[in-house]
Each structure stands twice: as structure tokens, then as C-alpha cells.
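Structure file protein_10.json with JSON, C-alpha atoms and all ligand atoms:
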[["chain", "number", "residue", "atom", "x", "y", "z"],
["A", 1, "MET", "CA", 12.27, 46.98, -3.36],
["A", 2, "THR", "CA", 8.72, 47.17, -4.66],
["A", 3, "SER", "CA", 8.47, 49.46, -7.65],
["A", 4, "PRO", "CA", 5.76, 52.13, -7.72],
["A", 5, "ASP", "CA", 4.20, 50.22, -10.60],
["A", 6, "ASP", "CA", 3.88, 47.06, -8.54],
["A", 7, "VAL", "CA", 2.35, 49.02, -5.72],
["A", 8, "ASN", "CA", -0.14, 50.59, -8.06],
["A", 9, "LYS", "CA", -1.38, 47.15, -8.95],
["A", 10, "ALA", "CA", -2.41, 46.74, -5.33],
["A", 11, "PRO", "CA", -5.68, 44.87, -6.07],
["A", 12, "ALA", "CA", -3.57, 41.93, -7.24],
["A", 13, "LYS", "CA", -2.01, 41.72, -3.77],
["A", 14, "ALA", "CA", -5.16, 42.00, -1.74],
["A", 15, "PRO", "CA", -6.57, 38.46, -2.18],
["A", 16, "ALA", "CA", -3.56, 37.03, -0.34],
["A", 17, "LYS", "CA", -4.83, 38.60, 2.88],
["A", 18, "ALA", "CA", -8.53, 39.13, 2.36],
["A", 19, "PRO", "CA", -9.85, 35.53, 2.58],
["A", 20, "ALA", "CA", -8.21, 34.94, 5.95],
["A", 21, "LYS", "CA", -10.38, 37.66, 7.49],
["A", 22, "ALA", "CA", -13.62, 36.74, 5.72],
["A", 23, "PRO", "CA", -15.84, 34.60, 7.96],
["A", 24, "ALA", "CA", -16.92, 31.74, 5.70],
["A", 25, "LYS", "CA", -19.82, 30.57, 7.90],
["A", 26, "ALA", "CA", -22.05, 31.72, 10.72],
["A", 27, "PRO", "CA", -20.50, 31.69, 14.24],
["A", 28, "ALA", "CA", -20.80, 28.37, 16.13],
["A", 29, "ASN", "CA", -23.32, 29.76, 18.65],
["A", 30, "ALA", "CA", -25.57, 31.25, 15.96],
["A", 31, "PRO", "CA", -28.97, 29.65, 15.27],
["A", 32, "ALA", "CA", -28.74, 26.92, 12.62],
["A", 33, "ASN", "CA", -30.63, 28.96, 10.05],
["A", 34, "ALA", "CA", -28.76, 32.27, 10.71],
["A", 35, "PRO", "CA", -27.47, 33.79, 7.47],
["A", 36, "ALA", "CA", -23.68, 33.71, 7.05],
["A", 37, "LYS", "CA", -22.03, 37.09, 7.57],
["A", 38, "ALA", "CA", -21.04, 38.83, 4.33],
["A", 39, "PRO", "CA", -17.34, 38.53, 3.62],
["A", 40, "ALA", "CA", -15.24, 41.58, 4.48],
["A", 41, "LYS", "CA", -14.93, 44.01, 1.59],
["A", 42, "ASP", "CA", -11.59, 43.95, -0.18],
["A", 43, "PRO", "CA", -9.96, 47.25, 0.93],
["A", 44, "TRP", "CA", -8.29, 47.63, -2.48],
["A", 45, "ASP", "CA", -11.55, 47.33, -4.38],
["A", 46, "LEU", "CA", -11.85, 51.01, -5.28],
["A", 47, "PRO", "CA", -14.45, 52.79, -7.42],
["A", 48, "ASP", "CA", -13.89, 54.11, -10.93],
["A", 49, "VAL", "CA", -13.40, 57.87, -10.66],
["A", 50, "SER", "CA", -12.25, 58.47, -14.23],
["A", 51, "GLY", "CA", -15.50, 60.24, -15.16],
["A", 52, "LEU", "CA", -15.52, 62.67, -12.21],
["A", 53, "VAL", "CA", -14.62, 66.34, -12.55],
["A", 54, "VAL", "CA", -11.91, 67.48, -10.13],
["A", 55, "GLY", "CA", -11.73, 71.12, -9.04],
["A", 56, "VAL", "CA", -8.70, 72.63, -7.32],
["A", 57, "LEU", "CA", -9.31, 75.70, -5.16],
["A", 58, "GLY", "CA", -6.14, 77.78, -5.13],
["A", 59, "GLY", "CA", -5.11, 75.83, -8.21],
["A", 60, "THR", "CA", -2.87, 78.67, -9.41],
["A", 61, "GLY", "CA", -0.36, 77.88, -6.63],
["A", 62, "ASP", "CA", 2.45, 75.33, -6.66],
["A", 63, "GLN", "CA", 0.55, 72.47, -5.05],
["A", 64, "GLY", "CA", -2.72, 73.01, -6.90],
["A", 65, "ARG", "CA", -1.02, 73.42, -10.25],
["A", 66, "GLY", "CA", 1.04, 70.30, -9.69],
["A", 67, "LEU", "CA", -1.98, 68.23, -8.75],
["A", 68, "ALA", "CA", -4.00, 69.63, -11.65],
["A", 69, "TYR", "CA", -1.20, 68.72, -14.07],
["A", 70, "ARG", "CA", -0.81, 65.16, -12.75],
["A", 71, "LEU", "CA", -4.54, 64.43, -12.63],
["A", 72, "ALA", "CA", -5.18, 65.91, -16.08],
["A", 73, "LYS", "CA", -2.24, 63.94, -17.45],
["A", 74, "ALA", "CA", -3.87, 60.82, -16.04],
["A", 75, "GLY", "CA", -7.03, 61.64, -18.02],
["A", 76, "GLN", "CA", -9.10, 63.36, -15.33],
["A", 77, "LYS", "CA", -11.18, 66.43, -16.19],
["A", 78, "VAL", "CA", -9.74, 69.24, -14.06],
["A", 79, "ILE", "CA", -10.88, 72.79, -13.31],
["A", 80, "ILE", "CA", -8.44, 75.17, -11.63],
["A", 81, "GLY", "CA", -9.98, 77.65, -9.21],
["A", 82, "SER", "CA", -8.68, 81.04, -8.15],
["A", 83, "ARG", "CA", -9.92, 84.22, -6.51],
["A", 84, "ASN", "CA", -9.48, 85.65, -9.98],
["A", 85, "ALA", "CA", -10.97, 83.79, -12.96],
["A", 86, "GLU", "CA", -8.43, 85.19, -15.42],
["A", 87, "ARG", "CA", -5.54, 84.01, -13.28],
["A", 88, "ALA", "CA", -7.09, 80.54, -13.21],
["A", 89, "GLN", "CA", -7.60, 80.54, -16.97],
["A", 90, "GLY", "CA", -3.97, 81.56, -17.48],
["A", 91, "ALA", "CA", -2.71, 78.74, -15.26],
["A", 92, "ALA", "CA", -5.04, 76.27, -17.01],
["A", 93, "ALA", "CA", -3.80, 77.35, -20.45],
["A", 94, "GLU", "CA", -0.20, 76.82, -19.34],
["A", 95, "ILE", "CA", -0.97, 73.26, -18.29],
["A", 96, "GLY", "CA", -3.10, 72.40, -21.33],
["A", 97, "LEU", "CA", -4.44, 68.81, -21.22],
["A", 98, "GLY", "CA", -8.02, 70.12, -21.30],
["A", 99, "VAL", "CA", -7.67, 71.88, -17.94],
["A", 100, "GLU", "CA", -10.07, 74.80, -17.48],
["A", 101, "GLY", "CA", -9.90, 77.80, -15.17],
["A", 102, "ALA", "CA", -12.64, 79.58, -13.24],
["A", 103, "ASP", "CA", -13.15, 81.56, -10.08],
["A", 104, "ASN", "CA", -13.21, 79.41, -6.95],
["A", 105, "ALA", "CA", -17.03, 79.44, -6.69],
["A", 106, "GLU", "CA", -17.59, 78.27, -10.26],
["A", 107, "CYS", "CA", -14.80, 75.73, -9.89],
["A", 108, "ALA", "CA", -16.57, 74.30, -6.83],
["A", 109, "ARG", "CA", -20.01, 74.24, -8.46],
["A", 110, "ARG", "CA", -18.82, 72.48, -11.63],
["A", 111, "SER", "CA", -16.72, 69.83, -9.86],
["A", 112, "ASP", "CA", -17.60, 66.50, -8.23],
["A", 113, "ILE", "CA", -14.43, 66.35, -6.14],
["A", 114, "VAL", "CA", -12.92, 69.63, -4.89],
["A", 115, "ILE", "CA", -9.34, 69.76, -3.62],
["A", 116, "VAL", "CA", -8.61, 72.65, -1.23],
["A", 117, "ALA", "CA", -5.09, 73.91, -2.00],
["A", 118, "VAL", "CA", -5.06, 77.40, -0.50],
["A", 119, "PRO", "CA", -2.65, 78.59, 2.22],
["A", 120, "TRP", "CA", -3.67, 77.96, 5.84],
["A", 121, "ASP", "CA", -4.02, 81.72, 6.30],
["A", 122, "GLY", "CA", -6.87, 81.87, 3.80],
["A", 123, "HIS", "CA", -8.41, 78.48, 4.59],
["A", 124, "ALA", "CA", -11.32, 79.40, 6.85],
["A", 125, "LYS", "CA", -12.30, 82.51, 4.93],
["A", 126, "THR", "CA", -12.20, 80.72, 1.58],
["A", 127, "LEU", "CA", -14.32, 77.79, 2.75],
["A", 128, "GLU", "CA", -16.85, 79.98, 4.56],
["A", 129, "SER", "CA", -17.40, 81.97, 1.40],
["A", 130, "LEU", "CA", -17.89, 78.78, -0.67],
["A", 131, "ARG", "CA", -20.21, 76.92, 1.73],
["A", 132, "ASP", "CA", -23.16, 76.87, -0.67],
["A", 133, "ASP", "CA", -21.06, 76.12, -3.75],
["A", 134, "LEU", "CA", -19.45, 73.18, -1.95],
["A", 135, "ALA", "CA", -22.70, 71.69, -0.60],
["A", 136, "GLY", "CA", -22.94, 68.01, -1.55],
["A", 137, "LYS", "CA", -19.39, 67.95, -2.94],
["A", 138, "LEU", "CA", -16.60, 65.61, -1.94],
["A", 139, "VAL", "CA", -14.03, 68.02, -0.49],
["A", 140, "VAL", "CA", -10.38, 66.94, -0.18],
["A", 141, "ASP", "CA", -8.37, 69.16, 2.13],
["A", 142, "CYS", "CA", -4.58, 69.08, 1.64],
["A", 143, "VAL", "CA", -3.75, 72.11, 3.78],
["A", 144, "ASN", "CA", -0.89, 71.86, 6.27],
["A", 145, "PRO", "CA", -1.11, 74.48, 9.04],
["A", 146, "LEU", "CA", 2.57, 75.27, 9.57],
["A", 147, "GLY", "CA", 4.60, 78.06, 11.06],
["A", 148, "PHE", "CA", 8.19, 78.90, 10.15],
["A", 149, "ASP", "CA", 10.91, 80.47, 12.28],
["A", 150, "LYS", "CA", 14.70, 80.41, 12.46],
["A", 151, "GLN", "CA", 14.60, 76.75, 13.49],
["A", 152, "GLY", "CA", 12.54, 75.74, 10.48],
["A", 153, "ALA", "CA", 8.95, 74.57, 10.05],
["A", 154, "TYR", "CA", 6.70, 73.64, 12.95],
["A", 155, "ALA", "CA", 3.11, 72.47, 13.26],
["A", 156, "LEU", "CA", 0.40, 74.95, 14.25],
["A", 157, "LYS", "CA", -2.52, 73.77, 16.37],
["A", 158, "PRO", "CA", -5.84, 74.81, 14.82],
["A", 159, "GLU", "CA", -8.65, 75.41, 17.29],
["A", 160, "GLU", "CA", -10.76, 72.71, 15.61],
["A", 161, "GLY", "CA", -7.90, 70.18, 15.84],
["A", 162, "SER", "CA", -6.71, 70.32, 12.23],
["A", 163, "ALA", "CA", -7.31, 72.08, 8.94],
["A", 164, "ALA", "CA", -9.48, 69.15, 7.85],
["A", 165, "GLN", "CA", -11.65, 69.39, 10.97],
["A", 166, "GLN", "CA", -11.97, 73.11, 10.44],
["A", 167, "ALA", "CA", -13.18, 72.36, 6.90],
["A", 168, "ALA", "CA", -15.70, 69.83, 8.22],
["A", 169, "ALA", "CA", -16.98, 72.35, 10.77],
["A", 170, "LEU", "CA", -17.34, 75.08, 8.15],
["A", 171, "LEU", "CA", -18.88, 72.84, 5.49],
["A", 172, "PRO", "CA", -21.64, 70.83, 7.21],
["A", 173, "GLU", "CA", -23.28, 69.98, 3.89],
["A", 174, "SER", "CA", -20.09, 68.74, 2.20],
["A", 175, "ARG", "CA", -18.34, 65.38, 2.51],
["A", 176, "VAL", "CA", -14.97, 66.40, 3.88],
["A", 177, "THR", "CA", -11.87, 64.23, 3.58],
["A", 178, "ALA", "CA", -8.15, 64.98, 3.86],
["A", 179, "ALA", "CA", -5.32, 63.79, 1.58],
["A", 180, "PHE", "CA", -2.34, 64.82, -0.58],
["A", 181, "HIS", "CA", -0.50, 66.52, 2.34],
["A", 182, "HIS", "CA", 2.92, 64.98, 1.79],
["A", 183, "LEU", "CA", 3.45, 65.59, -1.91],
["A", 184, "SER", "CA", 6.26, 67.65, -3.33],
["A", 185, "ALA", "CA", 4.90, 70.34, -5.63],
["A", 186, "VAL", "CA", 8.31, 70.38, -7.32],
["A", 187, "LEU", "CA", 8.02, 66.73, -8.31],
["A", 188, "LEU", "CA", 4.35, 67.04, -9.25],
["A", 189, "SER", "CA", 5.12, 69.84, -11.70],
["A", 190, "ASP", "CA", 8.22, 68.32, -13.29],
["A", 191, "PRO", "CA", 7.27, 67.01, -16.75],
["A", 192, "GLU", "CA", 10.48, 64.94, -16.83],
["A", 193, "ILE", "CA", 9.16, 62.78, -13.98],
["A", 194, "ASP", "CA", 6.73, 60.08, -15.07],
["A", 195, "GLU", "CA", 5.92, 58.52, -11.70],
["A", 196, "ILE", "CA", 5.43, 60.05, -8.26],
["A", 197, "ASP", "CA", 6.86, 57.49, -5.87],
["A", 198, "THR", "CA", 4.70, 57.96, -2.78],
["A", 199, "ASP", "CA", 1.67, 56.84, -0.81],
["A", 200, "VAL", "CA", -1.11, 59.29, -0.03],
["A", 201, "MET", "CA", -2.71, 59.07, 3.40],
["A", 202, "VAL", "CA", -6.47, 59.50, 3.07],
["A", 203, "LEU", "CA", -8.64, 60.43, 6.05],
["A", 204, "GLY", "CA", -12.37, 60.81, 6.41],
["A", 205, "GLU", "CA", -15.52, 59.68, 8.15],
["A", 206, "VAL", "CA", -17.27, 57.75, 5.38],
["A", 207, "ARG", "CA", -15.69, 54.81, 3.62],
["A", 208, "ALA", "CA", -17.38, 55.49, 0.29],
["A", 209, "ASP", "CA", -15.77, 58.94, 0.29],
["A", 210, "THR", "CA", -12.28, 57.87, 1.33],
["A", 211, "ASP", "CA", -12.46, 55.08, -1.29],
["A", 212, "LEU", "CA", -13.10, 57.72, -3.97],
["A", 213, "VAL", "CA", -10.13, 59.79, -2.82],
["A", 214, "GLN", "CA", -7.89, 56.72, -2.67],
["A", 215, "ALA", "CA", -8.97, 55.89, -6.20],
["A", 216, "LEU", "CA", -8.21, 59.45, -7.31],
["A", 217, "ALA", "CA", -4.70, 59.26, -5.85],
["A", 218, "GLY", "CA", -4.24, 55.93, -7.61],
["A", 219, "ARG", "CA", -4.87, 57.58, -10.97],
["A", 220, "ILE", "CA", -1.42, 59.19, -10.77],
["A", 221, "PRO", "CA", 1.29, 56.72, -11.79],
["A", 222, "GLY", "CA", 3.42, 55.62, -8.83],
["A", 223, "MET", "CA", 0.96, 56.97, -6.29],
["A", 224, "ARG", "CA", -1.29, 54.93, -4.03],
["A", 225, "GLY", "CA", -4.05, 56.10, -1.70],
["A", 226, "VAL", "CA", -4.05, 54.43, 1.73],
["A", 227, "PHE", "CA", -6.87, 54.88, 4.25],
["A", 228, "ALA", "CA", -5.33, 56.44, 7.37],
["A", 229, "GLY", "CA", -8.19, 57.07, 9.76],
["A", 230, "ARG", "CA", -10.82, 59.58, 10.68],
["A", 231, "LEU", "CA", -10.53, 63.35, 10.59],
["A", 232, "ARG", "CA", -9.77, 63.53, 14.32],
["A", 233, "ASN", "CA", -6.40, 62.06, 13.39],
["A", 234, "ALA", "CA", -5.69, 64.57, 10.60],
["A", 235, "HIS", "CA", -3.59, 66.84, 12.82],
["A", 236, "GLN", "CA", -0.57, 64.55, 12.95],
["A", 237, "VAL", "CA", -0.80, 63.85, 9.21],
["A", 238, "GLU", "CA", -0.85, 67.58, 8.46],
["A", 239, "SER", "CA", 1.93, 68.20, 11.01],
["A", 240, "LEU", "CA", 4.21, 65.53, 9.61],
["A", 241, "VAL", "CA", 4.99, 67.90, 6.76],
["A", 242, "ALA", "CA", 7.14, 69.90, 9.19],
["A", 243, "ASN", "CA", 9.28, 66.77, 9.58],
["A", 244, "LEU", "CA", 9.41, 66.19, 5.83],
["A", 245, "ILE", "CA", 10.59, 69.77, 5.34],
["A", 246, "SER", "CA", 13.45, 69.04, 7.78],
["A", 247, "VAL", "CA", 14.27, 65.86, 5.83],
["A", 248, "ASN", "CA", 14.26, 67.78, 2.57],
["A", 249, "ARG", "CA", 16.55, 70.47, 3.94],
["A", 250, "ARG", "CA", 19.10, 68.06, 5.39],
["A", 251, "TYR", "CA", 19.21, 65.69, 2.41],
["A", 252, "LYS", "CA", 18.36, 68.13, -0.37],
["A", 253, "ALA", "CA", 15.46, 65.89, -1.35],
["A", 254, "HIS", "CA", 11.77, 65.95, -2.16],
["A", 255, "ALA", "CA", 10.81, 63.25, 0.31],
["A", 256, "GLY", "CA", 7.59, 61.25, 0.07],
["A", 257, "LEU", "CA", 6.12, 58.52, 2.26],
["A", 258, "ARG", "CA", 5.47, 54.80, 1.89],
["A", 259, "VAL", "CA", 3.29, 52.77, 4.26],
["A", 260, "THR", "CA", 4.69, 49.23, 4.39],
["A", 261, "ASP", "CA", 2.93, 45.85, 4.65],
["A", 262, "VAL", "CA", -0.31, 47.02, 3.07],
["B", 301, "LIG", "N1", 3.62, 73.35, -1.97],
["B", 301, "LIG", "C1", 3.65, 72.08, -1.59],
["B", 301, "LIG", "O1", 4.61, 71.36, -1.88],
["B", 301, "LIG", "C2", 2.49, 71.51, -0.79],
["B", 301, "LIG", "C3", 2.43, 70.13, -0.58],
["B", 301, "LIG", "C4", 1.34, 69.60, 0.12],
["B", 301, "LIG", "C5", 0.35, 70.43, 0.62],
["B", 301, "LIG", "N2", 0.45, 71.77, 0.42],
["B", 301, "LIG", "C6", -0.62, 72.63, 0.95],
["B", 301, "LIG", "O2", -1.32, 73.13, -0.17],
["B", 301, "LIG", "C7", -1.73, 74.46, 0.07],
["B", 301, "LIG", "C8", -1.26, 75.33, -1.07],
["B", 301, "LIG", "O3", 0.14, 75.35, -1.11],
["B", 301, "LIG", "P1", 0.91, 76.24, -2.20],
["B", 301, "LIG", "O4", 2.34, 76.08, -1.96],
["B", 301, "LIG", "O5", 0.37, 75.94, -3.56],
["B", 301, "LIG", "O6", 0.42, 77.70, -1.73],
["B", 301, "LIG", "P2", 0.42, 79.09, -2.46],
["B", 301, "LIG", "O7", 1.08, 78.98, -3.79],
["B", 301, "LIG", "O8", 0.94, 80.09, -1.49],
["B", 301, "LIG", "O9", -1.14, 79.40, -2.63],
["B", 301, "LIG", "C9", -1.97, 78.69, -3.49],
["B", 301, "LIG", "C10", -2.98, 79.63, -4.10],
["B", 301, "LIG", "O10", -3.94, 80.02, -3.11],
["B", 301, "LIG", "C11", -4.44, 81.31, -3.43],
["B", 301, "LIG", "N3", -4.32, 82.15, -2.23],
["B", 301, "LIG", "C12", -3.24, 82.79, -1.73],
["B", 301, "LIG", "N4", -3.54, 83.43, -0.59],
["B", 301, "LIG", "C13", -4.86, 83.20, -0.38],
["B", 301, "LIG", "C14", -5.77, 83.60, 0.64],
["B", 301, "LIG", "N5", -5.39, 84.35, 1.67],
["B", 301, "LIG", "N6", -7.06, 83.18, 0.54],
["B", 301, "LIG", "C15", -7.46, 82.41, -0.51],
["B", 301, "LIG", "N7", -6.64, 82.01, -1.49],
["B", 301, "LIG", "C16", -5.36, 82.38, -1.41],
["B", 301, "LIG", "C17", -3.58, 81.86, -4.56],
["B", 301, "LIG", "O11", -4.36, 81.75, -5.73],
["B", 301, "LIG", "P3", -5.17, 82.99, -6.33],
["B", 301, "LIG", "O12", -4.42, 84.24, -5.96],
["B", 301, "LIG", "O13", -5.13, 82.71, -7.79],
["B", 301, "LIG", "O14", -6.53, 82.90, -5.72],
["B", 301, "LIG", "C18", -2.40, 80.93, -4.63],
["B", 301, "LIG", "O15", -1.92, 80.75, -5.95],
["B", 301, "LIG", "C19", -1.14, 74.90, 1.41],
["B", 301, "LIG", "O16", -2.13, 74.88, 2.39],
["B", 301, "LIG", "C20", -0.09, 73.83, 1.70],
["B", 301, "LIG", "O17", 0.01, 73.57, 3.08],
["B", 301, "LIG", "C21", 1.49, 72.33, -0.28]]
Write the structure described by the file as C-alpha cells, please.
Ligand SMILES: NC(=O)c1ccc[n+]([C@@H]2O[C@H](COP(=O)([O-])OP(=O)(O)OC[C@H]3O[C@@H](n4cnc5c(N)ncnc54)[C@H](OP(=O)(O)O)[C@@H]3O)[C@@H](O)[C@H]2O)c1
Amino acid sequence: MTSPDDVNKAPAKAPAKAPAKAPAKAPANAPANAPAKAPAKDPWDLPDVSGLVVGVLGGTGDQGRGLAYRLAKAGQKVIIGSRNAERAQGAAAEIGLGVEGADNAECARRSDIVIVAVPWDGHAKTLESLRDDLAGKLVVDCVNPLGFDKQGAYALKPEEGSAAQQAAALLPESRVTAAFHHLSAVLLSDPEIDEIDTDVMVLGEVRADTDLVQALAGRIPGMRGVFAGRLRNAHQVESLVANLISVNRRYKAHAGLRVTDV
């Protein structure tokens, strides 16, 4: 089995496949002096995000705290956001590692990448109120719209298609992506665990943006960001958490996901 470490060194694997797809010369029917097409970009050639500030809206909760801890531990500058600045500062102080706390608006303004980790119930209202603060920012939505009844968790169907599409509709001046849906907050927060053995599906409309989010996921040891399509396909990624909750209940686990053959 491939270890999380091996997977994290993904760029080393990419050349095995990349050259086969790169057209070395112009097509046969092209004029003799036509310039050769540029080789396809290596999909594992990701940007350096180590200098970017990451904000986490709702960062006082389990998921936000866990992500803040892991990213700060990896050396990222992190600001936790909350509806209450003092609550955010308290959570930041508990984590340490240079993490700061602020109200959600300040968190958004001071960050380059802003992870949305609030409950589905408060999603629309939170984003509407932060529209100006989030303008120009790379927003990463990790919200899973789920309902719970006696039979367990089930996927809700947002009017816009998904939480991520709702975010994109509410934040026309932001660059909205979706990722980090399938993580276990329990594992993220456990200081005894060094590596988080999982892939992170990253969705979005613009490659430069999804590359940044993939790179951010890759900062956490064991984790790898994998491009998984446009936002119109976010619904099934968000919904899959209902299945993972069933897996966790049956096997008493904190299940993650791996995408094979990439
Ligand atoms: N928990 C997981 O394992 C996990 C994994 C993947 C994805 N997610 C997603 O991440 C999001 C957060 O999950 P969580 O378990 O961390 O949730 P949570 O603890 O219930 O809430 C996170 C934070 O959001 C703020 N909040 C609560 N209600 C709010 C509202 N109505 N409007 C605005 N802010 C509100 C609270 O912070 P303040 O009171 O300080 O503002 C709270 O600490 C969810 O959408 C979930 O689907 C969770």
C-alpha cells in the first residue's frame, strides 16, 4: 500500500504519465511553420502557498479548529474567525502556533484564503454579511448540507445545487472553491496523530484557484489535494459525507477517502 508520505511526494510520480499526453510537435495537417502546441501542464505542479494567510470562518468549531491546528502546525499563518472576536481569540490561544483570532469580518479581510467552516444553517446569512470583506479572496467552502433523522444522516438539496454554488451565488466578487468536506475533525484535532491519511477533493471553476487549494491541502502531512471538477458537481461531494457518517457508525472509524491511480 502506498504510504501517505509517498503520496505526498506526488510530483515525483507525475512525469511517468505527463510526457505521453504532451504533443511533441505540430499536428500533421498543420502548416509547416505552425508553432508546436505547448506541452500539457503537469497537474502536480502546484504553487507555493506557504506565505499566504489562511482565515477560517467559524474557526471556533470542531472542523475549523482542527483545520487551523493542522495548517498552523504545517507553518501556515492562520486567523480563526468567529461571530465573537473574544471567542476566536480564546480558541486561537488554545491552539498556539501563532494562530490569531478575530471576528469573521476581520478574519476575512486579513486573509488571502478563507475557509468557510460554519454550519449549513448559518451559511447563507454568514456569507451575505461578509460579501464585501470576502471580495477578491479565494474562498474554500467545506460545508456539508446534511439532515439527520432516526435513520442517520442524509443529504439536503440546496436550491442553488450545493453549499459551494450557494457561496458562489452570494459572493460574485470572490473566487469560490470547495474542499475539505471529508475530513474527520476528531483526527484533525488529535495531537497524537502526525499524518492525516486522506485525499481532499478540490472543486472550482478556475485552475489557478483549485491549484492553490490543492497546494494548501498538501501542506498537511499525509494529505493530498486532488482536482475533482467544477462547482456544479459539488453536491455529490458534499453529500458523500452522509455515507462516510454511516461508515463511521458501523465500523467505529474516522473514515477518509483516497482517489486511486492519480
Ligand atoms: N465536524 C466535522 O468533522 C466536519 C468535517 C468536514 C466538514 N464539516 C463542515 O464544516 C462546518 C463546520 O462544522 P463544525 O462541526 O465545526 O460545526 P460547529 O462546531 O457546529 O460550528 C462551527 C462554528 O460556526 C459558528 N456558528 C454556529 N452557528 C452559526 C450560525 N448560525 N451562523 C454563523 N456561524 C455559526 C460557531 O462559531 P462562533 O459561535 O464562534 O461564531 C461554531 O463554533 C459544517 O458546515 C460541516 O458540514 C465538518
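Taking only C-alpha atoms and all ligand atoms into account, ligand LIG 301 (chain B) lies nearest to A:Gly64 out of the set A:Gly64, A:Pro158, A:Pro39, A:Gly51.
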Taking all atoms listed in the file into account, produce a table as JSON lines in which each residue of chain A with an atom at most 7 Å from an atom of ligand LIG 301 (chain B) appears once, together with its shortest atom pair and the distance in Å to one decimal, ordered by chain and rising number.
{"residue": "A:Gly58", "atom": "CA", "partner": "B:LIG301", "partner_atom": "O10", "distance": 3.7}
{"residue": "A:Gly59", "atom": "CA", "partner": "B:LIG301", "partner_atom": "C10", "distance": 6.0}
{"residue": "A:Thr60", "atom": "CA", "partner": "B:LIG301", "partner_atom": "O15", "distance": 4.1}
{"residue": "A:Gly61", "atom": "CA", "partner": "B:LIG301", "partner_atom": "O15", "distance": 3.3}
{"residue": "A:Asp62", "atom": "CA", "partner": "B:LIG301", "partner_atom": "O5", "distance": 3.8}
{"residue": "A:Gln63", "atom": "CA", "partner": "B:LIG301", "partner_atom": "O5", "distance": 3.8}
{"residue": "A:Gly64", "atom": "CA", "partner": "B:LIG301", "partner_atom": "O5", "distance": 5.4}
{"residue": "A:Ser82", "atom": "CA", "partner": "B:LIG301", "partner_atom": "O14", "distance": 3.7}
{"residue": "A:Arg83", "atom": "CA", "partner": "B:LIG301", "partner_atom": "O14", "distance": 3.7}
{"residue": "A:Asn84", "atom": "CA", "partner": "B:LIG301", "partner_atom": "O13", "distance": 5.7}
{"residue": "A:Arg87", "atom": "CA", "partner": "B:LIG301", "partner_atom": "O13", "distance": 5.7}
{"residue": "A:Ala88", "atom": "CA", "partner": "B:LIG301", "partner_atom": "O13", "distance": 6.2}
{"residue": "A:Ala117", "atom": "CA", "partner": "B:LIG301", "partner_atom": "C7", "distance": 4.0}
{"residue": "A:Val118", "atom": "CA", "partner": "B:LIG301", "partner_atom": "O10", "distance": 3.9}
{"residue": "A:Pro119", "atom": "CA", "partner": "B:LIG301", "partner_atom": "O16", "distance": 3.8}
{"residue": "A:Trp120", "atom": "CA", "partner": "B:LIG301", "partner_atom": "O16", "distance": 4.9}
{"residue": "A:Asp121", "atom": "CA", "partner": "B:LIG301", "partner_atom": "N5", "distance": 5.5}
{"residue": "A:Gly122", "atom": "CA", "partner": "B:LIG301", "partner_atom": "N6", "distance": 3.5}
{"residue": "A:His123", "atom": "CA", "partner": "B:LIG301", "partner_atom": "N6", "distance": 6.3}
{"residue": "A:Lys125", "atom": "CA", "partner": "B:LIG301", "partner_atom": "N6", "distance": 6.9}
{"residue": "A:Thr126", "atom": "CA", "partner": "B:LIG301", "partner_atom": "C15", "distance": 5.4}
{"residue": "A:Cys142", "atom": "CA", "partner": "B:LIG301", "partner_atom": "C5", "distance": 5.2}
{"residue": "A:Val143", "atom": "CA", "partner": "B:LIG301", "partner_atom": "O16", "distance": 3.5}
{"residue": "A:Asn144", "atom": "CA", "partner": "B:LIG301", "partner_atom": "O17", "distance": 3.7}
{"residue": "A:Pro145", "atom": "CA", "partner": "B:LIG301", "partner_atom": "O17", "distance": 6.1}
{"residue": "A:Phe180", "atom": "CA", "partner": "B:LIG301", "partner_atom": "C4", "distance": 6.1}
{"residue": "A:His181", "atom": "CA", "partner": "B:LIG301", "partner_atom": "C4", "distance": 4.2}
{"residue": "A:His182", "atom": "CA", "partner": "B:LIG301", "partner_atom": "C4", "distance": 5.2}
{"residue": "A:Leu183", "atom": "CA", "partner": "B:LIG301", "partner_atom": "C3", "distance": 4.8}
{"residue": "A:Ser184", "atom": "CA", "partner": "B:LIG301", "partner_atom": "O1", "distance": 4.3}
{"residue": "A:Ala185", "atom": "CA", "partner": "B:LIG301", "partner_atom": "O1", "distance": 3.9}
{"residue": "A:Val186", "atom": "CA", "partner": "B:LIG301", "partner_atom": "O1", "distance": 6.7}
- Tell me, in Å to one decimal, how far atom CA of Arg175 of chain A is from atom CA of Ala74 of chain A.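 Atom CA of Arg175 of chain A sits 24.0 Å away from atom CA of Ala74 of chain A.
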- Note on the structure: In terms of only C-alpha atoms, the residue from A:Glu159, A:Glu205, A:Asp141, A:Glu128 at minimal distance from Leu171 of chain A is A:Glu128
- Item | Within 12 Å of file point (-4.0, 58.7, -2.2), counting all atoms listed in the file, expressed as number ranges by chain | A: 8, 44, 46, 67, 71, 140, 142, 177-183, 196-203, 210-228, 257-259
- Task: To one decimal in Å, tell me the separation between atom CA of Glu94 of chain A and atom CA of Asn248 of chain A.
- Result: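 Separating atom CA of Glu94 of chain A from atom CA of Asn248 of chain A is a distance of 27.8 Å.
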- atom CA of Ile113 of chain A to atom CA of Ala155 of chain A, distance in Å rounded to a single decimal: 26.9 Å
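Between Glu173 of chain A and the candidates A:Lys157, A:Val206, A:Asp133, A:Gly147, the tightest atom-to-atom separation, counting only C-alpha atoms, involves A:Asp133.
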- Message: Using all atoms listed in the file - which residues lie no farther than 10 Å from the point (3.5, 63.4, 8.9) in the file's frame? Write them as JSON, numbers by chain.
- Response: {"A": [144, 181, 182, 201, 234, 235, 236, 237, 238, 239, 240, 241, 242, 243, 244, 256, 257]}
Using 3 Å of padding on each side, determine the axis-aligned box around all atoms of segment 219-227 of chain A present in the file and give its centre and edge lengths in Å to one decimal, as AutoDock Vina command-line options.
--center_x -1.7 --center_y 56.8 --center_z -3.8 --size_x 16.3 --size_y 10.8 --size_z 22.0
- Task: Kindly indicate which residue among A:Ile245, A:Val176, A:Val116, A:Ala72 lies nearest to Gly98 of chain A, using all atoms listed in the file for the distances.
- Result: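 Looking at the shortest contact to Gly98 of chain A, the residue is A:Ala72.
Distance check against Ala91 of chain A using only C-alpha atoms: of A:Lys150, A:His254, A:Arg230, A:Arg65, the minimum falls on A:Arg65.
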- Task: Choose the residue, out of A:Tyr154, A:Gln165, A:Ile80, A:Pro43, that has the smallest atom-to-atom separation from Ala92 of chain A; count all atoms listed in the file.
- Result: A:Ile80
